[in-house]
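Asker: What follows is query07.txt; its format and atoms are compact mmCIF, C-alpha atoms and all ligand atoms.
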# COMPACT_ATOMS: atom_id res chain seq x y z
CA MET Z 23 -107.16 -125.44 -102.13
CA SER Z 24 -107.00 -129.08 -103.19
CA ALA Z 25 -106.19 -130.76 -106.48
CA GLU Z 26 -108.69 -132.71 -108.56
CA PRO Z 27 -108.12 -136.52 -108.29
CA ASP Z 28 -106.76 -136.73 -111.85
CA ASP Z 29 -104.33 -133.93 -111.28
CA ARG Z 30 -103.18 -135.40 -108.00
CA HIS Z 31 -102.51 -138.68 -109.75
CA ARG Z 32 -100.44 -136.92 -112.36
CA TYR Z 33 -98.69 -134.98 -109.66
CA ASP Z 34 -97.82 -138.08 -107.62
CA ALA Z 35 -96.24 -139.65 -110.65
CA ARG Z 36 -93.89 -136.71 -110.88
CA VAL Z 37 -93.13 -136.78 -107.16
CA MET Z 38 -91.68 -140.23 -107.57
CA SER Z 39 -88.99 -139.11 -109.99
CA ASP Z 40 -85.37 -139.09 -108.78
CA GLY Z 41 -85.17 -135.37 -109.11
CA GLN Z 42 -88.23 -134.98 -106.92
CA ARG Z 43 -86.64 -137.08 -104.19
CA ALA Z 44 -83.56 -134.91 -104.35
CA GLY Z 45 -85.72 -131.89 -103.66
CA THR Z 46 -85.29 -130.11 -106.97
CA PRO Z 47 -87.72 -131.95 -109.22
CA ASP Z 48 -87.51 -130.30 -112.58
CA LEU Z 49 -84.15 -128.67 -112.40
CA GLY Z 50 -82.12 -131.08 -110.27
CA ARG Z 51 -79.41 -131.92 -112.78
CA THR Z 52 -79.37 -128.67 -114.69
CA ASP Z 53 -77.09 -125.74 -113.95
CA LEU Z 54 -80.11 -123.78 -112.77
CA GLY Z 55 -80.91 -126.58 -110.32
CA LEU Z 56 -77.33 -126.52 -108.99
CA LEU Z 57 -77.47 -122.75 -108.66
CA ILE Z 58 -80.74 -122.91 -106.72
CA GLU Z 59 -79.20 -125.47 -104.37
CA LEU Z 60 -76.23 -123.16 -103.81
CA LEU Z 61 -78.32 -120.18 -102.71
CA SER Z 62 -78.51 -119.29 -99.03
CA VAL Z 63 -82.03 -117.97 -99.52
CA GLY Z 64 -84.84 -120.51 -99.61
CA VAL Z 65 -86.39 -121.10 -103.02
CA VAL Z 66 -89.79 -122.76 -103.31
CA ARG Z 67 -91.86 -123.42 -106.41
CA LEU Z 68 -95.60 -124.03 -105.95
CA ASP Z 69 -97.89 -125.40 -108.62
CA ALA Z 70 -101.35 -124.00 -109.39
CA TRP Z 71 -102.77 -126.05 -106.48
CA ARG Z 72 -100.25 -124.60 -104.08
CA ARG Z 73 -98.33 -127.83 -103.69
CA ILE Z 74 -94.57 -127.63 -103.38
CA ARG Z 75 -92.87 -128.89 -106.52
CA LEU Z 76 -89.39 -127.61 -105.80
CA ALA Z 77 -87.64 -126.59 -102.60
CA ASN Z 78 -83.90 -126.13 -102.12
CA THR Z 79 -81.88 -127.13 -99.05
CA ALA Z 80 -82.12 -123.67 -97.48
CA ALA Z 81 -85.93 -123.86 -97.67
CA HIS Z 82 -85.88 -127.25 -95.92
CA THR Z 83 -83.62 -125.84 -93.18
CA PHE Z 84 -85.82 -122.76 -92.63
CA LEU Z 85 -88.97 -124.86 -92.44
CA ASP Z 86 -87.27 -127.42 -90.18
CA ARG Z 87 -87.80 -130.39 -92.54
CA SER Z 88 -85.41 -133.14 -93.54
CA PRO Z 89 -84.13 -133.00 -97.12
CA GLY Z 90 -86.70 -133.66 -99.81
CA THR Z 91 -89.69 -133.96 -97.46
CA LEU Z 92 -91.28 -130.68 -98.49
CA ILE Z 93 -91.95 -131.94 -102.00
CA GLY Z 94 -95.62 -132.71 -102.49
CA MET Z 95 -96.78 -130.89 -99.33
CA THR Z 96 -99.23 -128.03 -99.59
CA ALA Z 97 -97.73 -124.64 -98.81
CA VAL Z 98 -100.11 -124.16 -95.87
CA ALA Z 99 -99.12 -127.50 -94.31
CA ALA Z 100 -95.43 -126.68 -94.78
CA PHE Z 101 -95.56 -123.17 -93.32
CA LEU Z 102 -98.39 -123.54 -90.77
CA ASP Z 103 -98.93 -119.77 -90.87
CA ALA Z 104 -102.17 -118.18 -92.00
CA ARG Z 105 -100.27 -115.14 -93.26
CA LEU Z 106 -98.77 -117.31 -95.98
CA GLU Z 107 -102.17 -118.04 -97.46
CA GLN Z 108 -102.93 -114.30 -97.47
CA LEU Z 109 -99.57 -113.68 -99.14
CA LEU Z 110 -100.35 -116.19 -101.91
CA ASP Z 111 -103.83 -114.71 -102.39
CA VAL Z 112 -102.32 -111.23 -102.83
CA SER Z 113 -99.64 -112.59 -105.16
CA ASP Z 114 -102.27 -114.38 -107.29
CA ARG Z 115 -104.27 -111.15 -107.56
CA ALA Z 116 -101.52 -108.56 -107.86
CA GLY Z 117 -98.68 -110.59 -109.42
CA SER Z 118 -96.34 -110.34 -106.42
CA ALA Z 119 -96.39 -109.88 -102.64
CA THR Z 120 -94.04 -109.72 -99.68
CA ASP Z 121 -94.60 -110.45 -96.02
CA GLU Z 122 -92.84 -111.62 -92.91
CA VAL Z 123 -93.67 -115.12 -91.69
CA ARG Z 124 -92.76 -116.98 -88.54
CA ILE Z 125 -92.58 -120.73 -88.66
CA ALA Z 126 -94.11 -122.42 -85.62
CA GLY Z 127 -91.47 -124.36 -83.72
CA SER Z 128 -88.60 -122.97 -85.82
CA PRO Z 129 -86.23 -120.21 -84.70
CA PHE Z 130 -86.40 -118.46 -88.08
CA THR Z 131 -88.12 -115.22 -88.98
CA LEU Z 132 -88.44 -115.17 -92.74
CA VAL Z 133 -89.32 -112.55 -95.29
CA ALA Z 134 -91.26 -114.37 -97.98
CA ARG Z 135 -91.46 -112.87 -101.46
CA ALA Z 136 -93.96 -114.48 -103.82
CA ARG Z 137 -94.29 -113.95 -107.56
CA ARG Z 138 -96.94 -115.47 -109.79
CA GLY Z 139 -95.41 -117.87 -112.33
CA SER Z 140 -96.35 -118.21 -115.99
CA ASP Z 141 -98.31 -121.48 -115.47
CA GLY Z 142 -100.54 -120.37 -112.57
CA GLY Z 143 -98.00 -121.54 -109.99
CA THR Z 144 -95.87 -119.35 -107.75
CA TRP Z 145 -92.16 -118.80 -107.14
CA MET Z 146 -91.26 -118.00 -103.57
CA VAL Z 147 -88.01 -116.76 -102.10
CA LEU Z 148 -87.44 -116.99 -98.33
CA GLU Z 149 -84.91 -114.69 -96.74
CA ASP Z 150 -83.70 -115.30 -93.19
CA VAL Z 151 -84.04 -112.01 -91.27
CA SER Z 152 -83.91 -113.56 -87.76
CA GLU Z 153 -80.58 -111.95 -86.82
CA LEU Z 154 -81.61 -108.57 -88.23
CA ARG Z 155 -84.88 -108.64 -86.29
CA ARG Z 156 -83.03 -109.72 -83.11
CA LEU Z 157 -80.61 -106.81 -83.39
CA GLN Z 158 -83.43 -104.40 -84.18
CA GLN Z 159 -85.23 -105.63 -81.09
CA ILE Z 160 -82.11 -105.10 -78.93
CA ARG Z 161 -81.65 -101.60 -80.37
CA ALA Z 162 -85.32 -100.73 -79.82
CA GLU Z 163 -85.19 -102.00 -76.22
CA PHE Z 164 -81.97 -100.10 -75.55
CA ILE Z 165 -83.43 -96.85 -76.86
CA ASP Z 166 -86.66 -97.48 -74.98
CA ASN Z 167 -84.87 -98.12 -71.66
CA LEU Z 168 -82.51 -95.20 -72.10
CA SER Z 169 -85.32 -92.81 -73.00
CA HIS Z 170 -87.33 -93.93 -69.97
CA GLU Z 171 -84.34 -93.41 -67.66
CA LEU Z 172 -83.61 -89.97 -69.12
CA ARG Z 173 -87.16 -88.72 -69.16
CA THR Z 174 -87.76 -88.15 -65.43
CA PRO Z 175 -84.55 -86.24 -64.58
CA LEU Z 176 -84.79 -84.24 -67.79
CA THR Z 177 -88.38 -83.23 -67.15
CA THR Z 178 -87.34 -82.09 -63.66
CA VAL Z 179 -84.41 -80.07 -65.03
CA SER Z 180 -86.67 -78.55 -67.66
CA LEU Z 181 -89.24 -77.50 -65.06
CA LEU Z 182 -86.49 -76.04 -62.86
CA ALA Z 183 -85.07 -74.09 -65.80
CA GLU Z 184 -88.55 -72.75 -66.54
CA THR Z 185 -89.02 -71.65 -62.92
CA LEU Z 186 -85.57 -70.09 -62.92
CA GLY Z 187 -86.44 -68.20 -66.11
CA ARG Z 188 -89.62 -66.82 -64.53
CA ASP Z 189 -87.72 -65.84 -61.34
CA ALA Z 190 -85.07 -64.06 -63.42
CA GLU Z 191 -87.76 -62.18 -65.30
CA THR Z 192 -89.40 -61.08 -62.05
CA ALA Z 193 -86.06 -60.02 -60.58
CA GLY Z 194 -85.50 -57.70 -63.56
CA ASP Z 195 -82.32 -55.62 -63.38
CA ALA Z 196 -81.28 -57.30 -60.12
CA ILE Z 197 -79.92 -60.07 -62.37
CA PRO Z 198 -77.39 -59.16 -65.08
CA ALA Z 199 -78.66 -59.42 -68.67
CA ARG Z 200 -75.99 -61.97 -69.58
CA MET Z 201 -77.14 -64.28 -66.82
CA ARG Z 202 -80.79 -63.93 -67.88
CA ASP Z 203 -79.71 -64.79 -71.42
CA ARG Z 204 -77.94 -67.94 -70.24
CA ILE Z 205 -80.91 -69.05 -68.18
CA GLU Z 206 -83.09 -68.64 -71.27
CA LYS Z 207 -80.72 -70.80 -73.29
CA VAL Z 208 -80.75 -73.54 -70.63
CA GLU Z 209 -84.55 -73.44 -70.77
CA VAL Z 210 -84.65 -73.74 -74.58
CA GLU Z 211 -82.07 -76.53 -74.76
CA THR Z 212 -83.64 -78.64 -72.02
CA GLY Z 213 -86.95 -78.21 -73.84
CA HIS Z 214 -85.31 -79.72 -76.93
CA LEU Z 215 -83.88 -82.59 -74.92
CA VAL Z 216 -87.29 -83.41 -73.46
CA GLN Z 217 -88.79 -83.32 -76.96
CA MET Z 218 -86.06 -85.61 -78.29
CA VAL Z 219 -86.59 -88.15 -75.54
CA ASP Z 220 -90.35 -88.07 -76.10
CA GLU Z 221 -89.90 -88.61 -79.85
CA LEU Z 222 -87.36 -91.40 -79.30
CA LEU Z 223 -89.84 -93.19 -77.05
CA ASP Z 224 -92.53 -92.70 -79.64
CA LEU Z 225 -90.36 -94.03 -82.46
CA SER Z 226 -89.22 -97.08 -80.52
CA ARG Z 227 -92.85 -97.85 -79.65
CA ILE Z 228 -93.86 -97.58 -83.31
CA GLU Z 229 -90.86 -99.61 -84.45
CA SER Z 230 -91.11 -102.26 -81.76
CA GLY Z 231 -92.93 -104.56 -84.13
CA THR Z 232 -96.39 -104.14 -82.66
CA ARG Z 233 -98.36 -103.31 -85.75
CA LEU Z 234 -100.86 -100.48 -85.57
CA VAL Z 235 -104.44 -101.57 -85.18
CA LEU Z 236 -106.09 -100.20 -88.29
CA VAL Z 237 -109.66 -100.29 -87.06
CA ASP Z 238 -110.83 -96.68 -87.30
CA THR Z 239 -112.72 -95.47 -90.33
CA VAL Z 240 -110.75 -92.30 -90.89
CA ASP Z 241 -111.92 -89.22 -92.78
CA LEU Z 242 -108.60 -87.64 -93.76
CA GLY Z 243 -110.37 -84.36 -94.60
CA ARG Z 244 -111.47 -84.10 -91.01
CA VAL Z 245 -108.02 -85.08 -89.73
CA ALA Z 246 -106.51 -82.34 -91.94
CA ILE Z 247 -108.86 -79.68 -90.58
CA GLU Z 248 -108.37 -80.72 -86.93
CA SER Z 249 -104.58 -80.93 -87.21
CA THR Z 250 -104.44 -77.50 -88.84
CA GLU Z 251 -106.43 -76.05 -85.94
CA ARG Z 252 -103.97 -77.59 -83.48
CA LEU Z 253 -101.08 -75.82 -85.22
CA ARG Z 254 -102.81 -72.46 -85.79
CA LEU Z 255 -101.48 -70.76 -82.67
CA PHE Z 256 -97.92 -71.93 -83.36
CA ALA Z 257 -98.23 -70.65 -86.96
CA GLU Z 258 -99.61 -67.29 -85.85
CA ARG Z 259 -96.65 -66.82 -83.53
CA GLN Z 260 -94.38 -67.40 -86.54
CA GLU Z 261 -96.59 -65.08 -88.66
CA VAL Z 262 -97.41 -67.91 -91.05
CA THR Z 263 -100.91 -68.41 -92.50
CA LEU Z 264 -102.44 -71.90 -92.63
CA GLU Z 265 -104.99 -72.86 -95.30
CA VAL Z 266 -106.90 -76.11 -95.82
CA SER Z 267 -108.42 -77.42 -99.05
CA VAL Z 268 -110.64 -80.45 -98.57
CA PRO Z 269 -113.40 -81.76 -100.90
CA ASP Z 270 -116.93 -82.03 -99.45
CA VAL Z 271 -116.74 -85.80 -99.33
CA VAL Z 272 -113.53 -87.75 -98.75
CA THR Z 273 -113.69 -91.55 -99.09
CA PRO Z 274 -112.71 -92.94 -95.71
CA VAL Z 275 -109.58 -95.02 -95.22
CA ARG Z 276 -109.05 -97.70 -92.61
CA GLY Z 277 -106.41 -96.71 -90.12
CA ASP Z 278 -105.42 -95.28 -86.77
CA ALA Z 279 -106.90 -91.78 -86.57
CA ASP Z 280 -104.59 -90.55 -83.78
CA ARG Z 281 -101.44 -91.68 -85.59
CA LEU Z 282 -102.57 -90.11 -88.88
CA GLY Z 283 -103.23 -86.89 -86.95
CA GLN Z 284 -99.69 -87.13 -85.57
CA VAL Z 285 -98.35 -87.41 -89.16
CA LEU Z 286 -100.12 -84.24 -90.21
CA VAL Z 287 -99.06 -82.33 -87.10
CA ASN Z 288 -95.41 -83.30 -87.76
CA LEU Z 289 -95.59 -82.23 -91.42
CA LEU Z 290 -97.37 -78.97 -90.56
CA HIS Z 291 -94.93 -78.22 -87.78
CA ASN Z 292 -92.01 -78.55 -90.21
CA ALA Z 293 -93.79 -76.53 -92.91
CA VAL Z 294 -94.29 -73.62 -90.50
CA LYS Z 295 -90.81 -73.94 -89.03
CA PHE Z 296 -89.14 -73.73 -92.45
CA SER Z 297 -91.42 -70.95 -93.83
CA PRO Z 298 -90.40 -67.30 -94.03
CA ASP Z 299 -92.31 -64.65 -92.05
CA HIS Z 300 -95.72 -64.00 -93.64
CA GLY Z 301 -95.39 -67.33 -95.47
CA GLN Z 302 -98.34 -69.52 -96.40
CA VAL Z 303 -98.83 -73.22 -95.77
CA LEU Z 304 -101.51 -75.20 -97.59
CA VAL Z 305 -102.92 -78.58 -96.55
CA ALA Z 306 -104.80 -80.36 -99.34
CA VAL Z 307 -106.66 -83.68 -99.45
CA ARG Z 308 -107.66 -85.28 -102.77
CA PRO Z 309 -108.74 -88.71 -104.06
CA GLU Z 310 -106.43 -90.32 -106.64
CA ASP Z 311 -106.56 -93.82 -108.18
CA GLY Z 312 -108.09 -95.66 -105.24
CA ARG Z 313 -105.99 -93.73 -102.76
CA VAL Z 314 -106.44 -90.60 -100.68
CA VAL Z 315 -103.51 -88.24 -101.08
CA THR Z 316 -102.83 -85.62 -98.42
CA SER Z 317 -100.19 -82.96 -98.99
CA VAL Z 318 -98.64 -80.11 -97.04
CA THR Z 319 -97.06 -77.33 -99.11
CA ASP Z 320 -94.87 -74.49 -97.90
CA HIS Z 321 -92.91 -71.74 -99.66
CA GLY Z 322 -89.93 -71.94 -97.37
CA VAL Z 323 -86.27 -72.83 -97.66
CA GLY Z 324 -86.80 -76.07 -99.61
CA ILE Z 325 -84.57 -79.15 -99.47
CA PRO Z 326 -81.52 -79.75 -101.69
CA ARG Z 327 -82.06 -82.65 -104.11
CA SER Z 328 -79.11 -84.58 -102.63
CA ASP Z 329 -80.74 -84.60 -99.17
CA GLN Z 330 -84.27 -85.48 -100.26
CA ALA Z 331 -83.73 -89.25 -100.22
CA ARG Z 332 -82.34 -89.17 -96.68
CA ILE Z 333 -84.62 -86.85 -94.72
CA PHE Z 334 -86.92 -89.75 -93.71
CA GLU Z 335 -84.02 -91.45 -91.88
CA ARG Z 336 -83.90 -91.02 -88.14
CA PHE Z 337 -81.73 -88.12 -86.90
CA TYR Z 338 -81.14 -86.78 -90.43
CA LYS Z 339 -81.17 -82.99 -90.63
CA VAL Z 340 -80.26 -80.95 -93.67
CA ASP Z 341 -78.61 -78.00 -92.02
CA ARG Z 342 -79.10 -76.77 -88.48
CA ALA Z 343 -78.41 -73.16 -89.47
CA ARG Z 344 -81.47 -72.98 -91.73
CA VAL Z 345 -84.02 -73.27 -88.93
CA ARG Z 346 -85.60 -70.06 -87.73
CA GLY Z 347 -85.08 -69.10 -84.10
CA ALA Z 348 -83.04 -71.22 -81.75
CA ALA Z 349 -81.59 -74.67 -82.53
CA GLY Z 350 -83.85 -76.88 -84.64
CA GLY Z 351 -85.64 -80.16 -84.03
CA THR Z 352 -84.52 -83.68 -83.43
CA GLY Z 353 -84.48 -85.16 -86.93
CA LEU Z 354 -86.94 -87.82 -85.76
CA GLY Z 355 -90.25 -86.36 -86.93
CA LEU Z 356 -90.10 -87.58 -90.53
CA ALA Z 357 -88.86 -91.04 -89.47
CA ILE Z 358 -91.98 -91.31 -87.31
CA VAL Z 359 -94.11 -90.09 -90.24
CA ARG Z 360 -92.68 -92.72 -92.60
CA HIS Z 361 -93.21 -95.58 -90.15
CA ILE Z 362 -96.82 -94.64 -89.49
CA ILE Z 363 -97.65 -94.27 -93.19
CA GLU Z 364 -95.96 -97.55 -94.13
CA GLN Z 365 -97.86 -99.34 -91.38
CA HIS Z 366 -101.01 -98.08 -93.12
CA GLY Z 367 -99.87 -99.73 -96.38
CA GLY Z 368 -99.23 -96.24 -97.78
CA THR Z 369 -96.33 -94.22 -99.15
CA VAL Z 370 -94.86 -90.83 -98.28
CA TRP Z 371 -92.70 -88.63 -100.49
CA VAL Z 372 -91.38 -85.10 -100.90
CA GLU Z 373 -91.11 -82.73 -103.85
CA SER Z 374 -88.97 -79.73 -103.15
CA GLN Z 375 -86.89 -77.02 -104.73
CA GLU Z 376 -84.26 -75.18 -102.77
CA GLY Z 377 -85.30 -71.62 -102.02
CA ARG Z 378 -88.81 -72.21 -103.45
CA GLY Z 379 -90.48 -74.52 -100.93
CA SER Z 380 -91.54 -78.12 -100.34
CA THR Z 381 -94.57 -80.35 -100.67
CA PHE Z 382 -94.74 -83.43 -98.45
CA SER Z 383 -97.44 -85.91 -99.52
CA PHE Z 384 -98.69 -89.23 -98.31
CA ALA Z 385 -101.10 -91.65 -99.98
CA ILE Z 386 -103.24 -94.20 -98.16
CA PRO Z 387 -105.17 -96.85 -100.12
CA VAL Z 388 -108.93 -96.34 -99.82
CA ALA Z 389 -109.61 -100.02 -99.18
CA ALA Z 390 -106.66 -100.40 -96.80
CA THR Z 391 -107.37 -103.49 -94.73
CA ALA Z 392 -105.37 -105.55 -92.32
CA GLY Z 393 -103.76 -107.26 -95.33
CA ALA Z 394 -102.75 -104.03 -97.06
CA ASP Z 395 -99.25 -104.15 -95.67
CA LEU Z 396 -98.61 -107.38 -97.51
CA ALA Z 397 -97.72 -105.59 -100.68
CA ALA Z 398 -95.34 -103.21 -98.96
CA GLU Z 399 -91.70 -104.08 -98.39
CA PRO Z 400 -90.95 -104.17 -94.65
CA THR Z 401 -88.98 -101.20 -93.40
CA THR Z 402 -85.50 -102.01 -92.18
CA ASP Z 403 -84.19 -98.54 -91.35
P1 LIG K 501 -86.69 -82.04 -87.38
O1 LIG K 501 -87.16 -82.30 -86.00
O2 LIG K 501 -85.25 -81.70 -87.49
O3 LIG K 501 -87.58 -81.12 -88.13
P2 LIG K 501 -87.63 -84.04 -89.20
O4 LIG K 501 -87.36 -85.50 -89.25
O5 LIG K 501 -89.03 -83.60 -89.07
O6 LIG K 501 -86.75 -83.47 -88.04
O7 LIG K 501 -87.01 -83.38 -90.49
C1 LIG K 501 -85.71 -83.77 -90.91
C2 LIG K 501 -85.05 -82.66 -91.69
O8 LIG K 501 -85.71 -82.49 -92.96
C3 LIG K 501 -85.15 -81.31 -91.03
O9 LIG K 501 -84.12 -81.12 -90.09
C4 LIG K 501 -85.01 -80.39 -92.22
O10 LIG K 501 -83.63 -80.26 -92.54
C5 LIG K 501 -85.71 -81.14 -93.35
N1 LIG K 501 -87.11 -80.67 -93.52
C6 LIG K 501 -88.23 -81.29 -93.06
N2 LIG K 501 -89.33 -80.62 -93.45
C7 LIG K 501 -88.92 -79.56 -94.16
C8 LIG K 501 -89.59 -78.48 -94.84
N3 LIG K 501 -90.92 -78.38 -94.84
N4 LIG K 501 -88.82 -77.56 -95.48
C9 LIG K 501 -87.47 -77.67 -95.49
N5 LIG K 501 -86.78 -78.66 -94.88
C10 LIG K 501 -87.49 -79.59 -94.22
Would you write the structure of this file as structure tokens?
Ligand code: ADP
Answerer:
Amino acid sequence: MSAEPDDRHRYDARVMSDGQRAGTPDLGRTDLGLLIELLSVGVVRLDAWRRIRLANTAAHTFLDRSPGTLIGMTAVAAFLDARLEQLLDVSDRAGSATDEVRIAGSPFTLVARARRGSDGGTWMVLEDVSELRRLQQIRAEFIDNLSHELRTPLTTVSLLAETLGRDAETAGDAIPARMRDRIEKVEVETGHLVQMVDELLDLSRIESGTRLVLVDTVDLGRVAIESTERLRLFAERQEVTLEVSVPDVVTPVRGDADRLGQVLVNLLHNAVKFSPDHGQVLVAVRPEDGRVVTSVTDHGVGIPRSDQARIFERFYKVDRARVRGAAGGTGLGLAIVRHIIEQHGGTVWVESQEGRGSTFSFAIPVAATAGADLAAEPTTD
């Protein structure tokens, strides 16, 4: 976007002021100007033509420019990242936007927050998240390597335990009941370990920064029906009935069909697991304000209010003792769910009452496109 000649002329006149040279054109000598200089986050003010009118020292450092040289440059020339233009477009339309930008040739990874100003310009704040991203990368690689190393021996142990269990069953009374019981426990626990390692690998792959490719046109009604079918046998074994309520036509969303199926399977699995015998679980899909909302409702144990905000964290479990049957899951399922939904530009939430049951819902914008994630805050958990 370029300025009209007249405007540029007016603009240049302002660039030449002392304050402009100092890098804080309008506010340089005011307290607000001093405060902006003091901040360790970058602060940038763009005019309606997306030219930089104000940039503090931190912004110059992040963008690898010598003091004052950003003033007068267009935002695109300063950042050299196409995502920034998308960010400003979203901010102009929606009032604000957030995205992560990488500056070519600079070591910084920045989270840029843009907010439309009162005069058609934009305020931008740049936060340095390089160290955070580096540590997240190290953690993800560590978990990934560890899970890979553990997977093979664990799978072998699990298969051996299974074989041992079958042998013990065949041997009948030749093997004491207590020993059969212990073999069964080894089988169950190694099964859990294998599941945990699989889920850890899955989570680290989802978290590793590679964004999902949202290219499928996904009919969430269909995904709901297919996922329910996948869980039907498991539900029958637990004497829980599964029901699906889907309108005839569901507006498609753009996304990754397999990952959205994984979300529903995780939510359904929990709903069955935490339901009483003869309980009912309902999956419903409905359109709502330009979004498609999918929910899974059970009438099980429910979740205490104090735990509701934390259950989407990795490894968080409310209370092991509440799970039917042997020891519960890994505490990773809902963390995976949240990551997948956020990568679709959507949101996930829970409504629950202890002793009455829970409804887990997620909403995906109908017109979710590659840029949909711009409006969402990046996940740091
Ligand atoms: P897990 O593998 O332990 O089920 P999740 O991340 O899927 O891990 O769930 C985290 C915790 O949230 C569970 O351990 C459980 O305490 C609680 N939870 C999840 N879904 C439900 C539900 N439908 N009803 C009651 N509690 C639930």
Asker: Just want the residues within 7 Å of ligand LIG 501 (chain K), written as a VMD selection string, counting only C-alpha atoms and all ligand atoms.
Answerer: chain Z and resid 288 to 289 292 to 293 296 320 322 to 325 333 to 334 336 to 342 350 to 357 379 to 380
Asker: Could you give me, as a list in words, the residues within 6 Å of region 270-278 of chain Z, counting all atoms listed in the file and dropping anything in the same chain fewer than 5 positions from it?
Answerer: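 Using all atoms listed in the file, the neighbours found are Leu236, Val237, Asp238, Thr239, Val240, Asp241, Val388 and Ala390 of chain Z.
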Asker: Tell me which protein, DNA and RNA residues are within 10 Å of Gly213 (chain Z), counting all atoms listed in the file, leaving out same-chain ones fewer than 5 positions away, and put them as a list in words.
Answerer: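 Listed by chain and then number, they are Leu176, Thr177, Val179, Ser180, Leu181, Ala183, Glu184, Lys207, Val208 and Met218 of chain Z.
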Asker: In Å, rounded to a single decimal, give me how far CA of Thr131 (chain Z) is from CA of Val285 (chain Z).
Answerer: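 These atoms are spaced 29.6 Å apart.
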Asker: Between CA of Leu304 (chain Z) and CA of Val266 (chain Z), measure the distance and give it in Å to one decimal.
Answerer: 5.7 Å
Asker: What gap, in Å, lies between CA of Ser152 (chain Z) and CA of Arg135 (chain Z)?
Answerer: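 Separating CA of Ser152 (chain Z) from CA of Arg135 (chain Z) is a distance of 15.7 Å.
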Asker: I need the residue nearest Leu222 (chain Z) from this list: Z:Arg173, Z:Glu149, Z:Glu248, Z:Val372. Use only C-alpha atoms for the distance.
Answerer: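 For Leu222 (chain Z), the nearest of the given residues is Z:Arg173.
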Asker: For Ser297 (chain Z), which residue out of Z:Glu261, Z:Asp150, Z:Glu364, Z:Asp329 is the nearest one, using all atoms listed in the file?
Answerer: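 Closest to Ser297 (chain Z), using all atoms listed in the file: Z:Glu261.
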Asker: Measuring between only C-alpha atoms, which one of Z:His321, Z:His300, Z:Arg254, Z:Arg67 shows the shortest distance to Trp145 (chain Z)?
Answerer: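 The shortest atom-to-atom distance to Trp145 (chain Z) comes from Z:Arg67.
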Asker: Rank nothing, just name the residue among Z:Glu122, Z:Glu209, Z:Phe384, Z:Arg161 nearest to Arg227 (chain Z), using only C-alpha atoms.
Answerer: Z:Arg161
Asker: Compare Z:Gly143, Z:Pro129, Z:Pro326, Z:Pro269 by their minimum atom-to-atom distance to Arg308 (chain Z), counting all atoms listed in the file, and give me the closest one.
Answerer: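 Comparing Z:Gly143, Z:Pro129, Z:Pro326, Z:Pro269 against Arg308 (chain Z), the winner is Z:Pro269.
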Asker: Could you pull the residues within 7 Å of region 98-111 of chain Z, counting all atoms listed in the file, minus those fewer than 6 positions along the same chain, as a list in words?
Answerer: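 Using all atoms listed in the file, the neighbours found are Leu85, Leu92, Ala119, Thr120, Asp121, Val123, Ile125, Ala126, Ala136 and Leu396 of chain Z.
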Asker: Restricting the calculation to all atoms listed in the file, which member of Z:Val262, Z:Leu57, Z:Leu242, Z:Met95 is positioned closest to Arg75 (chain Z)?
Answerer: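 Between Z:Val262, Z:Leu57, Z:Leu242, Z:Met95, the residue approaching Arg75 (chain Z) most closely is Z:Met95.
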Asker: Starting from the incomplete input, reconstruct N, CA and C atoms of region 65-74 of chain Z and write that as a PDB file, in the frame of the given file.
Answerer:
ATOM      1  N   VAL Z  65     -85.639-121.243-101.772  1.00  0.00           N
ATOM      2  CA  VAL Z  65     -86.390-121.100-103.020  1.00  0.00           C
ATOM      3  C   VAL Z  65     -87.439-122.201-103.060  1.00  0.00           C
ATOM      4  N   VAL Z  66     -88.686-121.795-103.283  1.00  0.00           N
ATOM      5  CA  VAL Z  66     -89.790-122.760-103.310  1.00  0.00           C
ATOM      6  C   VAL Z  66     -90.627-122.493-104.554  1.00  0.00           C
ATOM      7  N   ARG Z  67     -90.993-123.558-105.243  1.00  0.00           N
ATOM      8  CA  ARG Z  67     -91.860-123.420-106.410  1.00  0.00           C
ATOM      9  C   ARG Z  67     -93.168-124.143-106.097  1.00  0.00           C
ATOM     10  N   LEU Z  68     -94.292-123.418-106.191  1.00  0.00           N
ATOM     11  CA  LEU Z  68     -95.600-124.030-105.950  1.00  0.00           C
ATOM     12  C   LEU Z  68     -96.293-124.220-107.289  1.00  0.00           C
ATOM     13  N   ASP Z  69     -97.103-125.271-107.400  1.00  0.00           N
ATOM     14  CA  ASP Z  69     -97.890-125.400-108.620  1.00  0.00           C
ATOM     15  C   ASP Z  69     -99.217-124.658-108.433  1.00  0.00           C
ATOM     16  N   ALA Z  70    -100.092-124.772-109.421  1.00  0.00           N
ATOM     17  CA  ALA Z  70    -101.350-124.000-109.390  1.00  0.00           C
ATOM     18  C   ALA Z  70    -102.233-124.409-108.212  1.00  0.00           C
ATOM     19  N   TRP Z  71    -101.967-125.581-107.630  1.00  0.00           N
ATOM     20  CA  TRP Z  71    -102.770-126.050-106.480  1.00  0.00           C
ATOM     21  C   TRP Z  71    -102.037-125.802-105.157  1.00  0.00           C
ATOM     22  N   ARG Z  72    -101.030-125.008-105.249  1.00  0.00           N
ATOM     23  CA  ARG Z  72    -100.250-124.600-104.080  1.00  0.00           C
ATOM     24  C   ARG Z  72     -99.553-125.784-103.401  1.00  0.00           C
ATOM     25  N   ARG Z  73     -99.170-126.755-104.204  1.00  0.00           N
ATOM     26  CA  ARG Z  73     -98.330-127.830-103.690  1.00  0.00           C
ATOM     27  C   ARG Z  73     -96.888-127.534-104.046  1.00  0.00           C
ATOM     28  N   ILE Z  74     -95.982-127.932-103.159  1.00  0.00           N
ATOM     29  CA  ILE Z  74     -94.570-127.630-103.380  1.00  0.00           C
ATOM     30  C   ILE Z  74     -93.989-128.596-104.403  1.00  0.00           C
TER      31      ILE Z  74
END
